[in-house]
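Engineer: I have a structure I would like to understand better, so I am pasting it below and will then ask my questions one at a time.
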Amino acid sequence: MNFPDLTVDGSYPLGAAVFAFMMYRGYGPWVGICLALCAGAVAGLLTGFLHTFSRIPALLSGILTMICLYSINLRIMGRPNLSLSEHLGHRTLFTILRDSFSFLPEVYVRFAFLCILILSLKFLLDAFLQTEIGLSIRATGDNEILVATQGIDPNEMKLVGISLSNALVAFAGAMFAQYQGFVDINMGIGMVVSGLASVIVGEVLLRGKTIFAMTLQVILGSVVYRLATAIALNWGYSIGFKPYDLKLFTGLLVIVILSFPVLKEKLKKV
Amino acid sequence: MLRLERVNKYFFRNTQDERWAIRNLSLEVAEGEFVTVVGSNGAGKTTLLNLIGGTYFPDSGCIFIDGNDVTTVPAYERAKYLGRVFQNTFQGTAPNLTIEENLAIAYLKGKRKGIRIAINEKMREYFRERLSEIGLGLERRLKDRVGLLSGGQRQALALLMATFGNPKILLLDEHTANLDPKTGEKIMELTTRLIEENKLTAIMVTHNLQDALHYGNRTLMMDEGEIILDISGEERKRMTLQELLERFSERRHKRFADDRALLSS
């Protein structure tokens, strides 16, 4: 899309907050997930309108929505964190799955479910990006002038793309809330950078410019990135690494990788 | 086919840098005309194309295409009447998409986009057929990214895309200026062929005076936002390069300031 969207830091907890809100109202997980998707799409639309209608630069549009969402999320949740614990009678997708496959260890059930979910999302997304709308969105990110001369409204495509991506982000937030069993107002901080780090790691590990390869890069990248942070958290204690150093670690990782081409160039000249 | 009525365009209006780029310009282009436009840098040639294409709107005056008032119709909406090729060979195509994806964007022009898979085998067959006509072997490279092609290949592709669906008017903005002379000549050959085969109306901006007289059937010369010379038919056939340059200085009482035009003639 060529749109650095900082809305993500807000729409991720938004999805979780909406999901928790519906749980506390006594609805099942599916209702919560659907509404989280919608809420994310609306948040994306707001950023899109700020950018296309009010002509606010992309980065600032995202930051503005993100800052608004912080208050909105608190409003939805009523307080900074909410538990989705079973003891409070909340039955998330993961508890439902555990009970339906009670003959298997819970870890396996979770793992298998997440694998199936991610792969089906990948294939859905791959297919969508090959459709007429998907192709138009990709072309808009690539060459806006061309798209306009070919009769496509670039602003419309940006709106569709941004709202769709934020719907997915909110969905991820809702899923993660269920996975960890609680929602926290700060769970979205640094999400954009983590996402960026994952994409970069993926591009390093796997080459290819086709859609199939690119979505695979993203999945592989985020798995490897999360593994790396988990390793840092579990074994980092011996070298004095604390959980709150994680953001610094992520930031430095992205900085190093992004600076690498420039450094290489400079070193060559020396 | 195309009519401009007393069109004015200012840049940086109401500032110190204000520039009156197009001055009370009126122009009528009939169906089937192939108009070449010459003039020195800053004469308003590209501005004229951008006004017709809807990149920006005039400050006053009206623009009609095929009888429709498009003066303030946004570029993407009036795109159904127009095909455009730009000077920058990266502008007419999407470099990160494949050849077939680029062609599909052009093929689907004017159609409502839906959640259908965009490219099917029937379209591919059509793309191969059209690509083989331009003779660059691109029909065997449908899945290659356009960014991998040479400037000339990209420009040929852009030209093909611009003529898909027979636009009412084809706008060419110095589309051979960034190519080496030999490739430029090939692209010009392709241009005239596509225009003739599809009976298109075209407006081509060029820096090359020779090309301006050689191609097309009408030539405009612009200076300081005005059309200072408009020749066609017999008068144009008799016109020599030398004469064209003389006419220019005679009208404006100054030498043709543009080195590029002199060098390329």
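Each chain of the structure tokens is named A, B, ... in the order shown, its residues numbered from 1; ligands are numbered from 1 in display order.
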Pull out every residue of chain A that has at least one atom within 9 Å of chain B, counting only C-alpha atoms, and report them as a list of chain:residue names.

Structural biologist: A:Ala127, A:Phe128, A:Leu129, A:Gln130, A:Thr131, A:Glu132, A:Ile133, A:Gly134, A:Leu135, A:Ser136, A:Arg138, A:Ala139, A:Thr140, A:Asp142, A:Asn143, A:Glu144, A:Ile145, A:Leu146, A:Val147, A:Ala148, A:Thr149, A:Gln150, A:Gly151, A:Ile152, A:Asp153, A:Pro154, A:Lys209

Engineer: I need the residues in range 144-255 of chain B that are helix (DSSP H, G or I) according to DSSP; give them as a ChimeraX atom specification.

Structural biologist: /B:146-148,151-163,181-197,209-214,233-238,241-252

Engineer: Using backbone DSSP assignments, extract all strand (DSSP E) residues from range 18-199 of chain B; output them as a ChimeraX atom specification.

Structural biologist: /B:19-29,34-39,60-65,68-69,82-85,169-173

Engineer: Produce a file of the selected residues containing C-alpha atoms, as a short mmCIF file (atom, residue, chain, number, x, y, z; two decimals), in the first residue's frame.

Structural biologist:
data_model
loop_
_atom_site.label_atom_id
_atom_site.label_comp_id
_atom_site.auth_asym_id
_atom_site.auth_seq_id
_atom_site.Cartn_x
_atom_site.Cartn_y
_atom_site.Cartn_z
CA ARG B 19 3.10 32.38 -12.84
CA TRP B 20 0.48 32.70 -15.53
CA ALA B 21 1.07 29.32 -17.15
CA ILE B 22 -1.83 29.13 -19.61
CA ARG B 23 -3.20 32.36 -21.02
CA ASN B 24 -6.72 32.59 -22.40
CA LEU B 25 -6.12 29.50 -24.45
CA SER B 26 -8.79 28.21 -26.81
CA LEU B 27 -8.31 25.10 -28.88
CA GLU B 28 -10.44 22.69 -30.84
CA VAL B 29 -9.23 19.27 -31.86
CA PHE B 34 -2.92 13.78 -34.44
CA VAL B 35 -1.64 17.04 -33.01
CA THR B 36 2.01 17.63 -32.16
CA VAL B 37 2.87 20.41 -29.72
CA VAL B 38 6.24 22.15 -29.56
CA GLY B 39 7.63 25.07 -27.62
CA SER B 60 -11.09 29.86 -15.47
CA GLY B 61 -12.43 28.63 -18.80
CA CYS B 62 -13.98 25.32 -19.82
CA ILE B 63 -12.79 21.98 -21.19
CA PHE B 64 -15.06 19.68 -23.17
CA ILE B 65 -14.28 16.14 -24.27
CA ASN B 68 -19.01 16.59 -22.08
CA ASP B 69 -17.94 19.38 -19.77
CA LEU B 82 -8.29 9.39 -22.11
CA GLY B 83 -5.11 7.38 -22.49
CA ARG B 84 -1.87 8.89 -21.19
CA VAL B 85 1.82 8.17 -21.53
CA ILE B 169 -7.97 11.09 -26.89
CA LEU B 170 -4.43 9.84 -26.41
CA LEU B 171 -2.16 12.25 -24.51
CA LEU B 172 1.58 11.79 -25.04
CA ASP B 173 3.88 13.91 -22.92
#

Engineer: Neighbours of Ala177 in chain A within 7 Å (only C-alpha atoms; same-chain residues fewer than 5 positions away dropped), as a PyMOL selection string?

Structural biologist: chain A and resi 16+182-183

Engineer: What's around Leu253 in chain A at 10 Å? Count only C-alpha atoms, leave out sequence neighbours fewer than 4 positions away in its own chain, and write the answer as JSON, numbers by chain.

Structural biologist: {"A": [193, 194, 197, 200, 201, 247, 248, 249, 257, 258, 259]}

Engineer: Keeping only C-alpha atoms, write the selected residues to a file as a PDB file, in the first residue's frame.

Structural biologist:
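And here is the file that came out, selection_23.pdb:
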ATOM      1  CA  VAL A 193       7.561  -1.476  15.079  1.00  0.00           C
ATOM      2  CA  SER A 194       7.162  -5.156  15.991  1.00  0.00           C
ATOM      3  CA  ALA A 197      10.625  -5.927  12.482  1.00  0.00           C
ATOM      4  CA  ILE A 200      12.057  -7.211   7.699  1.00  0.00           C
ATOM      5  CA  VAL A 201      13.114 -10.478   9.331  1.00  0.00           C
ATOM      6  CA  LYS A 247      11.094  -2.563  23.185  1.00  0.00           C
ATOM      7  CA  LEU A 248      14.668  -1.292  23.150  1.00  0.00           C
ATOM      8  CA  PHE A 249      15.762  -4.623  21.711  1.00  0.00           C
ATOM      9  CA  ILE A 257      18.681  -3.772   9.804  1.00  0.00           C
ATOM     10  CA  LEU A 258      17.537  -0.497   8.221  1.00  0.00           C
ATOM     11  CA  SER A 259      20.973   1.107   8.591  1.00  0.00           C
TER      12      SER A 259
END
